[in-house]
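Right, one structure below, let's go through it.
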Amino acid sequence: MTKELKRSYFSLLIPAVLALAVLAGLKSFHLLPQTPTYPSGPLGFLAPFVFVLAVFFAVGLPVFSRALFAHRMRERNTVAESDWLTFERTLIRISLVTPYLILPAYLLEFPRFYLAGTALTALYAVYYFYPSRKRIRFERRMFRVG
């Protein structure tokens with residue numbers, strides 16, 4: 001089970017990391033077309049919007065999803081392992097959207113606050129939702145997986 005969750009986790013994380021590495025390489029060798037500095041006109045809302053999306057996918061939606069799952073399972077004495085596994089995969093999918101949000105932030109050269117905030121929320125999601133044995137044991141106990 002831990003292997004299955006780690007496979008799902010890394011299959012979603014590795015493409016984002018590779019894309020960021022390729023983007024950084026292309027940018028450092030000046031192989032990308034010159035992008036103007038972050039727009040302050042009609043696209044000025046983009047940096048705060050991407051930052052809010054990052055927080056939403058790293059913190060807000062996982063908390064809501066966990067509460068919804070707990071609410072659905074409240075009457076049961078035990079939770080089926082297949083239901084819990086589906087829930088964990090969903091949490092991983094939701095939270096690992098945030099590393100992909102670094103790409104537009106880095107490419108469009110967002111202001112430092114929004115770029116750093118997006119990167120920190122992505123690091124939080126990558127760290128917190130890593131399916132370690134300790135975390136899986138705790139979640140199984142908490143949801144009484146049988």
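In the structure tokens, each chain is lettered A, B, ... as it comes, each chain's residues begin at 1, and ligands are numbered from 1 in order of appearance.
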
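For Arg140 in chain A, the residues within 10 Å (counting only C-alpha atoms, excluding itself and residues fewer than 5 positions away along the chain) are Thr78, Val79, Glu81, Trp84, Leu85, Lys134, Arg135, Val145 and Gly146 of chain A.
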
File dump, residues just selected, N, CA, C and O atoms, as a compact mmCIF listing (two decimals), in the first residue's frame:
# COMPACT_ATOMS: atom_id res chain seq x y z
N THR A 78 -15.57 0.93 10.96
CA THR A 78 -14.30 0.81 10.27
C THR A 78 -14.48 1.33 8.84
O THR A 78 -15.59 1.33 8.30
N VAL A 79 -13.39 1.74 8.24
CA VAL A 79 -13.40 2.22 6.87
C VAL A 79 -12.71 1.17 6.01
O VAL A 79 -11.66 0.65 6.38
N GLU A 81 -10.44 -0.45 3.28
CA GLU A 81 -9.12 -0.03 2.82
C GLU A 81 -9.18 0.58 1.42
O GLU A 81 -8.47 1.54 1.14
N TRP A 84 -10.35 4.19 1.75
CA TRP A 84 -9.29 5.03 2.30
C TRP A 84 -8.17 5.28 1.29
O TRP A 84 -7.65 6.37 1.18
N LEU A 85 -7.82 4.23 0.53
CA LEU A 85 -6.78 4.36 -0.49
C LEU A 85 -7.21 5.35 -1.58
O LEU A 85 -6.40 6.17 -2.02
N LYS A 134 5.02 6.52 8.67
CA LYS A 134 4.49 7.12 9.89
C LYS A 134 3.16 7.82 9.62
O LYS A 134 2.20 7.67 10.37
N ARG A 135 3.11 8.59 8.54
CA ARG A 135 1.88 9.30 8.20
C ARG A 135 0.76 8.33 7.84
O ARG A 135 -0.38 8.50 8.27
N VAL A 145 -9.13 2.28 9.62
CA VAL A 145 -9.12 1.47 8.41
C VAL A 145 -8.99 0.02 8.81
O VAL A 145 -8.10 -0.35 9.58
N GLY A 146 -9.87 -0.82 8.29
CA GLY A 146 -9.87 -2.21 8.70
C GLY A 146 -9.56 -3.19 7.64
O GLY A 146 -9.44 -3.21 6.55

Contacts of His71 in chain A within 12 Å, only C-alpha atoms, excl. fewer than 6 positions in-chain, as a PyMOL selection string:
chain A and resi 64-65+143

Residues of the last selection are to be written out with N, CA, C and O atoms, as a PDB file, in the first residue's frame.
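Result file selection-v4.pdb:
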ATOM      1  N   PHE A  64     -10.728  20.561   3.184  1.00  0.00           N
ATOM      2  CA  PHE A  64     -12.136  20.335   2.853  1.00  0.00           C
ATOM      3  C   PHE A  64     -12.376  18.878   2.469  1.00  0.00           C
ATOM      4  O   PHE A  64     -13.355  18.268   2.901  1.00  0.00           O
ATOM      5  N   SER A  65     -11.487  18.314   1.682  1.00  0.00           N
ATOM      6  CA  SER A  65     -11.620  16.921   1.251  1.00  0.00           C
ATOM      7  C   SER A  65     -11.549  15.971   2.440  1.00  0.00           C
ATOM      8  O   SER A  65     -12.323  15.011   2.527  1.00  0.00           O
ATOM      9  N   PHE A 143      -8.677   7.042  10.874  1.00  0.00           N
ATOM     10  CA  PHE A 143      -9.905   6.714  10.154  1.00  0.00           C
ATOM     11  C   PHE A 143     -10.373   5.277  10.405  1.00  0.00           C
ATOM     12  O   PHE A 143     -11.332   4.837   9.791  1.00  0.00           O
TER      13      PHE A 143
END

So which bits of range 19-128 of chain A end up helix (DSSP H, G or I) when you DSSP the backbone, as a VMD selection string?
chain A and resid 19 to 28 46 to 72 81 to 95 98 to 107 112 to 128

Residues within 7 Å of range 14-29 of chain A, only C-alpha atoms, excluding chain neighbours under 2 positions, as a list in words
Phe10, Ser11, Leu12, Leu31, Leu32, Pro99, Tyr100 and Leu103 of chain A

Taking into account only C-alpha atoms, which residue in the set A:Thr2, A:Gln34, A:Ser8, A:Thr86 is nearest to Glu109 in chain A?
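Using only C-alpha atoms, Glu109 in chain A sits closest to A:Gln34.
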
Find, counting only C-alpha atoms, the residue in A:Arg137, A:Leu13, A:Val97, A:Arg89 that gets nearest to Thr118 in chain A.
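Of all the options, A:Val97 lies closest to Thr118 in chain A.
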
Interatomic distance (Å, one decimal) between CA of Tyr124 in chain A and CA of Leu108 in chain A
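Between CA of Tyr124 in chain A and CA of Leu108 in chain A the gap works out to 22.2 Å.
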
Using only C-alpha atoms, determine which residues lie at most 9 Å from range 125-128 of chain A, disregarding the query and same-chain residues fewer than 2 positions distant; provide the list as a ChimeraX atom specification.
/A:9,13,57-59,92,95-99,120-123,130-131,135

Emit the selected residues as a compact mmCIF listing (two decimals), in the first residue's frame, including N, CA, C and O atoms.
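Result saved to result_3.txt:
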# COMPACT_ATOMS: atom_id res chain seq x y z
N TYR A 9 2.33 9.32 -5.93
CA TYR A 9 2.95 10.58 -5.52
C TYR A 9 4.06 10.99 -6.49
O TYR A 9 4.08 12.11 -7.00
N LEU A 13 4.66 14.11 -9.11
CA LEU A 13 5.67 15.10 -8.73
C LEU A 13 6.81 15.22 -9.73
O LEU A 13 7.26 16.33 -10.05
N PHE A 57 -4.96 24.83 -3.30
CA PHE A 57 -4.66 23.43 -3.58
C PHE A 57 -3.76 22.78 -2.54
O PHE A 57 -3.80 21.57 -2.35
N ALA A 58 -2.93 23.55 -1.86
CA ALA A 58 -2.03 22.97 -0.86
C ALA A 58 -2.69 22.84 0.50
O ALA A 58 -2.38 21.92 1.25
N VAL A 59 -3.58 23.77 0.84
CA VAL A 59 -4.15 23.79 2.19
C VAL A 59 -5.67 23.66 2.17
O VAL A 59 -6.23 22.76 2.81
N ILE A 92 -3.43 13.28 -2.61
CA ILE A 92 -2.15 13.46 -3.29
C ILE A 92 -2.35 14.21 -4.60
O ILE A 92 -1.61 15.14 -4.93
N SER A 95 -3.18 17.98 -3.82
CA SER A 95 -2.08 18.78 -3.27
C SER A 95 -0.93 18.94 -4.25
O SER A 95 -0.23 19.96 -4.21
N LEU A 96 -0.72 17.98 -5.13
CA LEU A 96 0.41 18.07 -6.04
C LEU A 96 0.09 18.88 -7.31
O LEU A 96 0.85 18.83 -8.27
N VAL A 97 -0.98 19.62 -7.27
CA VAL A 97 -1.21 20.63 -8.31
C VAL A 97 -0.29 21.82 -8.06
O VAL A 97 0.15 22.48 -9.00
N THR A 98 0.03 22.07 -6.81
CA THR A 98 0.80 23.27 -6.46
C THR A 98 2.20 23.32 -7.07
O THR A 98 2.62 24.41 -7.46
N PRO A 99 2.95 22.21 -7.19
CA PRO A 99 4.24 22.35 -7.86
C PRO A 99 4.13 22.81 -9.31
O PRO A 99 5.03 23.47 -9.83
N LEU A 120 6.76 28.23 -1.58
CA LEU A 120 6.63 27.71 -0.20
C LEU A 120 5.40 26.83 -0.04
O LEU A 120 5.45 25.80 0.64
N THR A 121 4.28 27.22 -0.65
CA THR A 121 3.09 26.38 -0.55
C THR A 121 3.31 25.06 -1.29
O THR A 121 2.83 24.02 -0.85
N ALA A 122 4.05 25.11 -2.41
CA ALA A 122 4.35 23.87 -3.13
C ALA A 122 5.25 22.97 -2.28
O ALA A 122 5.04 21.75 -2.22
N LEU A 123 6.24 23.56 -1.63
CA LEU A 123 7.11 22.77 -0.75
C LEU A 123 6.32 22.17 0.41
O LEU A 123 6.56 21.02 0.81
N TYR A 130 3.62 13.66 1.49
CA TYR A 130 4.47 12.52 1.15
C TYR A 130 3.96 11.31 1.94
O TYR A 130 3.80 11.37 3.16
N PRO A 131 3.71 10.19 1.26
CA PRO A 131 3.14 9.03 1.96
C PRO A 131 4.17 8.22 2.73
O PRO A 131 4.52 7.10 2.37
N ARG A 135 3.11 8.59 8.54
CA ARG A 135 1.88 9.30 8.20
C ARG A 135 0.76 8.33 7.84
O ARG A 135 -0.38 8.50 8.27

Select, from A:Glu88, A:Tyr106, A:Arg7, A:Met73, the residue with the minimum atom-to-atom distance to Glu139 in chain A, counting only C-alpha atoms.
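Using only C-alpha atoms, Glu139 in chain A sits closest to A:Glu88.
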
What's the separation between CA of Ala105 in chain A and CA of Lys6 in chain A, in Å to one decimal place?
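Calculated distance between CA of Ala105 in chain A and CA of Lys6 in chain A is 26.9 Å.
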
For CA of Leu53 in chain A and CA of Phe69 in chain A, quote the distance in Å rounded to one decimal.
21.9 Å

Given the choices A:Ile102, A:Val63, A:Ala116, A:Val52, which gets closest to Thr90 in chain A if the distance is worked out from only C-alpha atoms?
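Between A:Ile102, A:Val63, A:Ala116, A:Val52, the residue approaching Thr90 in chain A most closely is A:Val63.
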
I want to know what sits within 10 Å of Phe110 in chain A, based on only C-alpha atoms, with residues of the same chain fewer than 2 positions away left out; could you give that as a PyMOL selection string?
chain A and resi 37-39+44+46-48+50-51+102+104-108+112-116+118
